[in-house]
>>> print(open('run07.txt').read())   # compact mmCIF, C-alpha atoms and all ligand atoms
# COMPACT_ATOMS: atom_id res chain seq x y z
CA MET A 242 -14.09 9.48 -7.75
CA LEU A 243 -12.43 6.34 -9.04
CA LYS A 244 -13.67 5.27 -12.44
CA VAL A 245 -12.90 2.07 -14.29
CA SER A 246 -13.77 2.34 -17.99
CA SER A 247 -13.94 -0.63 -20.36
CA ILE A 248 -10.86 -2.39 -19.07
CA SER A 249 -9.85 -5.67 -20.61
CA ARG A 250 -7.07 -8.10 -19.88
CA SER A 251 -6.00 -11.49 -21.17
CA PHE A 252 -3.52 -14.06 -19.95
CA GLY A 253 -2.38 -15.85 -23.10
CA ALA A 254 -5.54 -16.78 -24.98
CA HIS A 255 -7.68 -16.51 -21.84
CA ARG A 256 -9.66 -13.25 -21.76
CA VAL A 257 -10.04 -12.61 -18.05
CA LEU A 258 -11.59 -9.12 -18.18
CA ASP A 259 -13.82 -7.97 -21.00
CA GLY A 260 -14.94 -4.34 -21.02
CA VAL A 261 -15.20 -3.91 -17.26
CA SER A 262 -16.65 -0.52 -16.23
CA PHE A 263 -17.82 0.77 -12.85
CA GLU A 264 -17.41 3.67 -10.43
CA VAL A 265 -16.33 3.82 -6.82
CA ARG A 266 -17.87 6.97 -5.38
CA PRO A 267 -16.51 9.09 -2.56
CA GLY A 268 -17.98 8.33 0.81
CA ARG A 269 -19.36 4.97 -0.32
CA MET A 270 -18.48 1.43 0.60
CA THR A 271 -18.57 -0.47 -2.69
CA GLY A 272 -18.70 -4.26 -2.54
CA PHE A 273 -17.04 -6.05 -5.45
CA LEU A 274 -18.71 -9.38 -5.68
CA GLY A 275 -18.04 -12.37 -7.86
CA ALA A 276 -17.37 -16.09 -7.81
CA ASN A 277 -13.83 -17.47 -7.60
CA GLY A 278 -11.91 -16.67 -10.75
CA SER A 279 -14.40 -14.07 -12.00
CA GLY A 280 -11.73 -11.33 -12.25
CA LYS A 281 -11.90 -9.33 -9.00
CA THR A 282 -8.22 -9.52 -8.09
CA THR A 283 -7.15 -8.86 -11.69
CA THR A 284 -9.35 -5.74 -11.76
CA MET A 285 -7.97 -4.49 -8.45
CA ARG A 286 -4.39 -5.05 -9.59
CA ILE A 287 -5.08 -3.01 -12.70
CA VAL A 288 -6.60 -0.19 -10.64
CA LEU A 289 -3.46 -0.20 -8.49
CA GLY A 290 -1.16 -0.25 -11.53
CA VAL A 291 0.41 -3.55 -10.42
CA LEU A 292 -0.83 -5.07 -13.66
CA ALA A 293 -1.35 -3.38 -17.03
CA ALA A 294 -4.72 -3.39 -18.77
CA HIS A 295 -4.82 -4.40 -22.44
CA GLY A 296 -7.58 -1.89 -23.08
CA GLY A 297 -9.63 0.77 -21.33
CA GLU A 298 -8.53 3.11 -18.56
CA VAL A 299 -8.78 3.89 -14.88
CA THR A 300 -9.24 7.53 -13.86
CA TRP A 301 -9.18 9.46 -10.61
CA ASP A 302 -11.34 12.60 -10.55
CA GLY A 303 -11.60 12.48 -14.32
CA ALA A 304 -7.87 12.22 -15.13
CA PRO A 305 -5.69 9.17 -15.84
CA ILE A 306 -4.08 8.03 -12.60
CA THR A 307 -0.50 9.16 -12.12
CA GLY A 308 2.14 7.41 -10.04
CA ALA A 309 1.84 10.15 -7.42
CA VAL A 310 -1.89 9.56 -7.03
CA ARG A 311 -1.43 5.77 -6.91
CA GLN A 312 1.14 6.24 -4.16
CA ARG A 313 -1.66 7.76 -2.10
CA PHE A 314 -4.06 4.84 -2.61
CA GLY A 315 -4.38 2.22 0.11
CA TYR A 316 -4.20 -1.38 -1.06
CA MET A 317 -4.70 -4.62 0.76
CA PRO A 318 -3.49 -7.26 -1.70
CA GLU A 319 -4.84 -10.79 -1.85
CA GLU A 320 -1.38 -12.21 -1.18
CA ARG A 321 -1.01 -10.04 1.98
CA GLY A 322 2.35 -8.34 2.02
CA LEU A 323 3.57 -7.87 5.59
CA TYR A 324 6.81 -9.24 6.98
CA PRO A 325 6.26 -12.09 9.45
CA LYS A 326 9.41 -11.37 11.47
CA MET A 327 8.93 -7.63 11.91
CA LYS A 328 7.12 -6.10 14.87
CA VAL A 329 3.60 -5.00 14.04
CA GLY A 330 3.79 -1.36 15.19
CA GLU A 331 7.25 -0.73 13.70
CA GLN A 332 6.23 -2.31 10.43
CA ILE A 333 3.09 -0.27 9.95
CA ALA A 334 4.83 2.99 10.86
CA TRP A 335 7.64 2.13 8.44
CA LEU A 336 5.11 1.49 5.65
CA GLY A 337 3.61 4.90 6.44
CA GLN A 338 7.03 6.47 5.94
CA LEU A 339 7.48 4.57 2.67
CA HIS A 340 4.24 6.24 1.55
CA GLY A 341 5.74 9.63 2.32
CA LEU A 342 4.72 10.36 5.92
CA ASP A 343 7.26 11.88 8.29
CA ARG A 344 8.30 9.68 11.20
CA ALA A 345 6.14 11.39 13.83
CA THR A 346 2.98 11.33 11.70
CA ALA A 347 3.56 7.69 10.75
CA ARG A 348 3.92 6.80 14.42
CA ARG A 349 0.84 8.80 15.41
CA ASN A 350 -1.30 7.26 12.65
CA THR A 351 -0.08 3.78 13.56
CA ASP A 352 -0.97 4.22 17.22
CA ARG A 353 -4.42 5.53 16.36
CA LEU A 354 -5.13 2.76 13.86
CA LEU A 355 -3.94 -0.02 16.12
CA ALA A 356 -6.17 1.38 18.86
CA ASP A 357 -9.16 1.59 16.51
CA LEU A 358 -8.50 -1.98 15.34
CA GLU A 359 -8.11 -3.14 18.96
CA LEU A 360 -4.57 -4.26 18.28
CA SER A 361 -2.58 -1.86 20.51
CA GLN A 362 -1.64 -4.66 22.93
CA ARG A 363 0.10 -6.53 20.10
CA ALA A 364 2.04 -3.62 18.63
CA GLY A 365 5.33 -4.92 20.03
CA ASP A 366 4.83 -8.52 18.81
CA ARG A 367 6.17 -9.93 15.59
CA LEU A 368 3.45 -10.38 12.96
CA GLU A 369 3.92 -14.17 12.91
CA GLU A 370 3.08 -14.31 16.62
CA LEU A 371 -0.43 -12.97 15.97
CA SER A 372 -3.51 -15.08 15.24
CA LEU A 373 -4.61 -15.06 11.60
CA GLY A 374 -7.49 -12.73 12.41
CA ASN A 375 -5.15 -10.27 14.13
CA GLN A 376 -2.69 -10.51 11.23
CA GLN A 377 -5.56 -9.51 9.01
CA ARG A 378 -6.29 -6.48 11.22
CA ALA A 379 -2.62 -5.53 10.87
CA GLN A 380 -2.95 -5.81 7.08
CA VAL A 381 -5.88 -3.41 7.22
CA ALA A 382 -3.80 -1.00 9.32
CA ALA A 383 -1.00 -1.22 6.73
CA ALA A 384 -3.41 -0.24 3.95
CA LEU A 385 -4.73 2.74 5.92
CA VAL A 386 -1.69 4.18 7.69
CA HIS A 387 -0.95 6.90 5.13
CA ASP A 388 -4.52 8.28 5.14
CA PRO A 389 -5.22 7.06 1.60
CA LEU A 390 -7.21 8.95 -1.01
CA ALA A 391 -8.98 5.73 -1.97
CA LEU A 392 -9.03 2.22 -0.53
CA ILE A 393 -8.85 -0.98 -2.58
CA LEU A 394 -9.13 -4.06 -0.39
CA ASP A 395 -8.99 -7.63 -1.63
CA GLU A 396 -11.10 -9.83 0.66
CA PRO A 397 -10.54 -7.76 3.82
CA PHE A 398 -13.17 -9.66 5.79
CA SER A 399 -12.30 -13.23 4.86
CA GLY A 400 -11.37 -15.32 7.87
CA LEU A 401 -12.50 -12.73 10.42
CA ASP A 402 -14.90 -13.64 13.21
CA PRO A 403 -18.07 -11.52 13.52
CA ILE A 404 -16.56 -9.24 16.18
CA ALA A 405 -13.48 -8.61 14.08
CA VAL A 406 -15.71 -7.91 11.05
CA GLU A 407 -17.48 -5.24 13.11
CA THR A 408 -14.19 -3.69 14.23
CA VAL A 409 -12.68 -3.57 10.74
CA LEU A 410 -15.96 -2.36 9.31
CA GLY A 411 -16.09 0.49 11.83
CA VAL A 412 -12.65 1.66 10.74
CA LEU A 413 -13.51 1.44 7.03
CA ARG A 414 -16.84 3.18 7.48
CA GLU A 415 -15.13 6.06 9.24
CA ARG A 416 -12.84 6.49 6.22
CA ALA A 417 -15.80 6.29 3.87
CA ALA A 418 -17.66 8.88 5.96
CA ASN A 419 -14.68 11.20 5.48
CA GLY A 420 -15.15 10.99 1.71
CA VAL A 421 -12.79 8.14 0.82
CA PRO A 422 -14.07 5.75 -1.88
CA VAL A 423 -13.73 2.20 -0.54
CA LEU A 424 -13.76 -0.81 -2.88
CA PHE A 425 -13.63 -4.21 -1.24
CA SER A 426 -13.94 -7.60 -2.85
CA SER A 427 -15.69 -10.58 -1.38
CA HIS A 428 -17.34 -13.79 -2.36
CA GLN A 429 -19.26 -13.87 0.92
CA LEU A 430 -22.71 -12.61 0.00
CA SER A 431 -23.90 -12.23 3.56
CA VAL A 432 -20.93 -10.01 4.40
CA VAL A 433 -21.41 -7.76 1.40
CA GLU A 434 -25.14 -7.62 1.97
CA GLN A 435 -24.65 -5.94 5.34
CA LEU A 436 -21.63 -3.81 4.58
CA CYS A 437 -21.84 -2.10 1.24
CA ASP A 438 -23.66 0.98 -0.03
CA ASP A 439 -22.96 0.18 -3.68
CA LEU A 440 -22.42 -3.09 -5.39
CA VAL A 441 -20.47 -4.26 -8.44
CA ILE A 442 -21.14 -7.84 -9.50
CA ILE A 443 -18.66 -9.42 -11.89
CA SER A 444 -19.15 -12.71 -13.67
CA GLY A 445 -16.72 -14.29 -16.10
CA GLY A 446 -14.82 -11.02 -16.53
CA ARG A 447 -17.91 -8.91 -17.32
CA ILE A 448 -19.96 -6.65 -15.09
CA ALA A 449 -23.30 -8.36 -14.51
CA ALA A 450 -24.82 -5.54 -12.43
CA SER A 451 -23.70 -2.43 -10.57
CA GLY A 452 -25.14 0.47 -8.62
CA GLU A 453 -26.72 1.27 -5.28
CA ARG A 454 -27.48 -1.84 -3.32
CA GLU A 455 -31.05 -0.81 -2.58
CA ARG A 456 -31.71 0.17 -6.18
CA LEU A 457 -30.41 -3.19 -7.39
CA ARG A 458 -32.65 -4.90 -4.89
CA ALA A 459 -35.66 -2.94 -6.02
CA GLU A 460 -34.88 -3.57 -9.70
CA HIS A 461 -34.56 -7.28 -9.18
CA ALA A 462 -37.45 -7.56 -6.79
CA ALA A 463 -40.06 -9.96 -8.04
CA PRO A 464 -43.49 -8.67 -7.02
CA ARG A 465 -43.38 -10.90 -3.93
CA PHE A 466 -45.45 -10.43 -0.78
CA GLN A 467 -46.02 -11.92 2.61
CA LEU A 468 -49.55 -12.07 3.96
CA VAL A 469 -50.48 -12.86 7.56
CA VAL A 470 -54.14 -13.45 8.31
CA ASP A 471 -56.20 -14.80 11.19
CA GLY A 472 -56.69 -18.51 10.69
CA ASP A 473 -55.23 -20.46 7.81
CA ALA A 474 -53.88 -18.78 4.66
CA GLY A 475 -54.10 -21.98 2.59
CA TRP A 476 -56.97 -20.56 0.49
CA LEU A 477 -54.36 -18.50 -1.38
CA ARG A 478 -53.29 -21.66 -3.18
CA ASP A 479 -56.64 -21.68 -4.99
CA LEU A 480 -56.59 -18.01 -5.93
CA ALA A 481 -55.86 -17.44 -9.63
CA GLY A 482 -53.20 -14.83 -10.46
CA VAL A 483 -50.84 -15.60 -7.58
CA ARG A 484 -48.06 -18.15 -7.27
CA VAL A 485 -47.78 -19.38 -3.69
CA LEU A 486 -44.24 -20.18 -2.57
CA ASP A 487 -44.93 -21.10 1.01
CA VAL A 488 -47.87 -21.40 3.41
CA ASP A 489 -47.30 -21.89 7.10
CA GLY A 490 -50.56 -21.64 9.01
CA PRO A 491 -51.68 -17.99 8.94
CA ARG A 492 -48.60 -16.87 6.93
CA ALA A 493 -48.17 -17.13 3.17
CA VAL A 494 -45.46 -15.94 0.79
CA PHE A 495 -46.43 -15.53 -2.84
CA ASP A 496 -45.52 -13.90 -6.15
CA LEU A 497 -48.05 -11.93 -8.16
CA ASP A 498 -48.76 -13.60 -11.46
CA GLY A 499 -51.52 -11.60 -13.12
CA ARG A 500 -53.32 -10.15 -10.10
CA THR A 501 -52.37 -6.86 -8.35
CA ASP A 502 -51.31 -6.64 -4.71
CA GLN A 503 -54.41 -4.55 -3.93
CA GLU A 504 -56.70 -7.20 -5.41
CA VAL A 505 -55.10 -9.88 -3.26
CA LEU A 506 -55.36 -7.66 -0.19
CA ARG A 507 -59.05 -6.97 -0.85
CA THR A 508 -59.72 -10.68 -1.27
CA ALA A 509 -57.95 -11.40 2.01
CA LEU A 510 -59.92 -8.66 3.81
CA ASP A 511 -63.18 -10.07 2.42
CA ARG A 512 -62.26 -13.37 4.09
CA GLY A 513 -61.35 -11.98 7.50
CA ALA A 514 -58.73 -10.01 9.43
CA VAL A 515 -55.38 -9.22 7.82
CA ARG A 516 -52.53 -8.88 10.32
CA SER A 517 -49.87 -7.84 7.83
CA PHE A 518 -49.29 -7.52 4.13
CA THR A 519 -45.71 -6.67 3.17
CA PRO A 520 -43.49 -6.73 0.09
CA VAL A 521 -40.64 -9.22 0.39
CA VAL A 522 -37.26 -7.75 -0.61
CA PRO A 523 -34.97 -10.24 -2.34
CA SER A 524 -31.72 -11.13 -0.63
CA LEU A 525 -28.43 -10.44 -2.35
CA ASP A 526 -28.18 -14.15 -2.79
CA GLU A 527 -31.24 -14.13 -5.03
CA ILE A 528 -30.00 -11.10 -7.00
CA PHE A 529 -26.63 -12.74 -7.41
CA LYS A 530 -28.16 -15.94 -8.75
CA GLU A 531 -30.35 -13.93 -11.10
CA VAL A 532 -27.64 -11.74 -12.64
CA ILE A 533 -24.76 -14.18 -13.05
N1 LIG A 601 -0.98 -14.15 -13.65
C1 LIG A 601 -1.92 -14.91 -14.19
N2 LIG A 601 -1.66 -15.78 -15.19
C2 LIG A 601 -2.61 -16.52 -15.75
N3 LIG A 601 -3.91 -16.50 -15.39
C3 LIG A 601 -4.25 -15.67 -14.40
C4 LIG A 601 -3.28 -14.83 -13.75
N4 LIG A 601 -3.93 -14.09 -12.79
C5 LIG A 601 -5.23 -14.47 -12.85
N5 LIG A 601 -5.42 -15.40 -13.82
C6 LIG A 601 -6.71 -16.02 -14.16
O1 LIG A 601 -7.66 -14.99 -14.31
C7 LIG A 601 -8.94 -15.40 -13.84
C8 LIG A 601 -9.44 -14.37 -12.84
O2 LIG A 601 -8.63 -14.42 -11.67
P1 LIG A 601 -8.80 -13.42 -10.45
O3 LIG A 601 -7.75 -13.78 -9.46
O4 LIG A 601 -8.86 -12.03 -10.95
O5 LIG A 601 -10.25 -13.83 -9.91
P2 LIG A 601 -10.95 -13.47 -8.54
O6 LIG A 601 -12.32 -13.05 -8.90
O7 LIG A 601 -10.13 -12.53 -7.75
O8 LIG A 601 -11.00 -14.88 -7.82
P3 LIG A 601 -10.89 -15.29 -6.27
O9 LIG A 601 -12.21 -14.92 -5.64
O10 LIG A 601 -10.69 -16.77 -6.35
O11 LIG A 601 -9.72 -14.57 -5.70
C9 LIG A 601 -8.74 -16.79 -13.28
O12 LIG A 601 -9.16 -17.71 -14.25
C10 LIG A 601 -7.27 -16.89 -13.04
O13 LIG A 601 -6.82 -18.21 -13.16
>>> encode(input="run07.txt", output="structure tokens")
Amino acid sequence: MLKVSSISRSFGAHRVLDGVSFEVRPGRMTGFLGANGSGKTTTMRIVLGVLAAHGGEVTWDGAPITGAVRQRFGYMPEERGLYPKMKVGEQIAWLGQLHGLDRATARRNTDRLLADLELSQRAGDRLEELSLGNQQRAQVAAALVHDPLALILDEPFSGLDPIAVETVLGVLRERAANGVPVLFSSHQLSVVEQLCDDLVIISGGRIAASGERERLRAEHAAPRFQLVVDGDAGWLRDLAGVRVLDVDGPRAVFDLDGRTDQEVLRTALDRGAVRSFTPVVPSLDEIFKEVI
């Protein structure tokens, strides 16, 4: 497991990270979410040892991370590091060798990854000849070629079309399923909402919330319900103890504000047929707005 404990970092007088702590668990896709400038890239650079922390530590399986362990991490940096003039397949295999693979294994891993990322046809092209989306797939391949112990990916989905998101996601999920902790940053809530198991939300260099996505949702869930009745649900507006957010014919969405869900349900049943009565789970968007 990758553990970040109380890390801090300043640039001049600007404190960019302030006591940042979270875990990236094996076999989990962890979304690292925050607005522009909130400290995601700085945190990832510190995890990778590209940048020093001014306080705190990063550990792997309980021990401070050594150079040898870091060498086995996979990193997709924000600035993207591949060579535009070099052929895609050669470049990825070469990066595999730089990470310690023998030539045959590097080649084999490259072929498999390019196939999984649906990029095999472009293996012989120079990187600069690829579309931006395909360049991004190549960057993902570069981060994965040496079968990393852990994956740290800075905005791996930005700029990808929905089909490419699915393809890249499939490859990352397979790694996660094999026990690799995967940390990926994003400021696209909708992307993170679908893709992550765990969530770390950073705001102004501090962790605003972290943990299992579903637990965070449940914790931040207002007691909100949707009721569908026969006829018009407008009567709910006059019921004390509920705050109606929306009524659209037979459908109403409301928060409880003093009355229990069972009381509202009984009232509705007294008035006629109830077609559905369901809790409304908040979107990540709502959680995000609430915690930052
Ligand atoms: N080398 C640096 N020198 C000075 N300030 C820096 C440096 N690197 C980052 N910062 C500042 O640290 C803050 C956090 O930046 P960081 O890149 O970590 O944010 P981020 O969450 O990754 O943002 P984005 O989503 O825009 O990539 C910003 O205010 C940024 O200007």
>>> atom_distance(input="run07.txt", atom1="CA of Leu368 (chain A)", atom2="CA of Gly411 (chain A)")
22.4 Å
>>> closest_atom_pairs(input="run07.txt", of="chain A", to="ligand LIG 601 (chain A)", cutoff="10 Å", atoms="all atoms listed in the file", output="Markdown table")
| residue | atom | partner | partner_atom | distance |
| --- | --- | --- | --- | --- |
| A:Arg250 | CA | A:LIG601 | O1 | 8.9 |
| A:Ser251 | CA | A:LIG601 | O1 | 7.9 |
| A:Phe252 | CA | A:LIG601 | C2 | 5.0 |
| A:Gly253 | CA | A:LIG601 | C2 | 7.4 |
| A:Ala254 | CA | A:LIG601 | C2 | 9.7 |
| A:His255 | CA | A:LIG601 | N3 | 7.5 |
| A:Arg256 | CA | A:LIG601 | O1 | 7.9 |
| A:Val257 | CA | A:LIG601 | O1 | 5.0 |
| A:Leu258 | CA | A:LIG601 | C8 | 7.8 |
| A:Phe273 | CA | A:LIG601 | O6 | 9.1 |
| A:Leu274 | CA | A:LIG601 | O6 | 8.0 |
| A:Gly275 | CA | A:LIG601 | O6 | 5.9 |
| A:Ala276 | CA | A:LIG601 | O9 | 5.7 |
| A:Asn277 | CA | A:LIG601 | O10 | 3.5 |
| A:Gly278 | CA | A:LIG601 | O5 | 3.4 |
| A:Ser279 | CA | A:LIG601 | O6 | 3.9 |
| A:Gly280 | CA | A:LIG601 | O4 | 3.2 |
| A:Lys281 | CA | A:LIG601 | O6 | 3.7 |
| A:Thr282 | CA | A:LIG601 | O7 | 3.6 |
| A:Thr283 | CA | A:LIG601 | O4 | 3.7 |
| A:Thr284 | CA | A:LIG601 | O4 | 6.4 |
| A:Met285 | CA | A:LIG601 | O4 | 8.0 |
| A:Arg286 | CA | A:LIG601 | O4 | 8.4 |
| A:Ile287 | CA | A:LIG601 | O4 | 9.9 |
| A:Leu292 | CA | A:LIG601 | N1 | 9.1 |
| A:Glu319 | CA | A:LIG601 | O11 | 7.3 |
| A:Glu320 | CA | A:LIG601 | O11 | 9.8 |
| A:Asp395 | CA | A:LIG601 | O7 | 7.9 |
| A:Glu396 | CA | A:LIG601 | O11 | 8.1 |
| A:Ser426 | CA | A:LIG601 | O7 | 7.9 |
| A:Ser427 | CA | A:LIG601 | O9 | 7.0 |
| A:His428 | CA | A:LIG601 | O9 | 6.2 |
| A:Gln429 | CA | A:LIG601 | O9 | 9.7 |
| A:Ile443 | CA | A:LIG601 | O6 | 7.9 |
| A:Ser444 | CA | A:LIG601 | O6 | 8.3 |
| A:Gly445 | CA | A:LIG601 | C8 | 8.0 |
| A:Gly446 | CA | A:LIG601 | C8 | 7.3 |
>>> residues_around(input="run07.txt", residues="Leu477 (chain A)", least_positions_apart="2", cutoff="12 Å", atoms="all atoms listed in the file", output="MDAnalysis selection string")
chainID A and resid 467:470 473:475 479:497 505:506 508:509 512
>>> closest_atom_pairs(input="run07.txt", of="region 368-481 of chain A", to="region 343-356 of chain A", cutoff="10 Å", atoms="only C-alpha atoms", output="tab-separated table")
residue	atom	partner	partner_atom	distance
A:Arg378	CA	A:Leu355	CA	8.4
A:Ala379	CA	A:Leu355	CA	7.7
A:Val381	CA	A:Leu354	CA	9.1
A:Ala382	CA	A:Leu354	CA	6.0
A:Ala383	CA	A:Thr351	CA	8.5
A:Leu385	CA	A:Leu354	CA	8.0
A:Val386	CA	A:Asn350	CA	5.9
A:His387	CA	A:Ala347	CA	7.2
A:Asp388	CA	A:Asn350	CA	8.2
A:Val412	CA	A:Leu354	CA	8.2
>>> atom_distance(input="run07.txt", atom1="CA of Gly337 (chain A)", atom2="CA of Phe263 (chain A)")
29.1 Å
>>> residues_around(input="run07.txt", residues="Met270 (chain A)", least_positions_apart="4", cutoff="12 Å", atoms="all atoms listed in the file", output="ChimeraX atom specification")
/A:264-266,391-394,410-426,433-441,452-454
>>> atom_distance(input="run07.txt", atom1="CA of Phe518 (chain A)", atom2="CA of Thr501 (chain A)")
12.9 Å
>>> residues_around(input="run07.txt", residues="Lys326 (chain A)", least_positions_apart="6", cutoff="9 Å", atoms="all atoms listed in the file", output="VMD selection string")
chain A and resid 367 to 370
>>> closest_residue(input="run07.txt", among="A:Thr408, A:Leu339, A:Phe314, A:Met327", to="Leu360 (chain A)", atoms="only C-alpha atoms")
A:Thr408
>>> closest_residue(input="run07.txt", among="A:Gly341, A:Ser372, A:Gln380, A:Thr307", to="Gly322 (chain A)", atoms="all atoms listed in the file")
A:Gln380
>>> closest_residue(input="run07.txt", among="A:Thr519, A:Leu390, A:Tyr316, A:Gln377", to="Met242 (chain A)", atoms="all atoms listed in the file")
A:Leu390
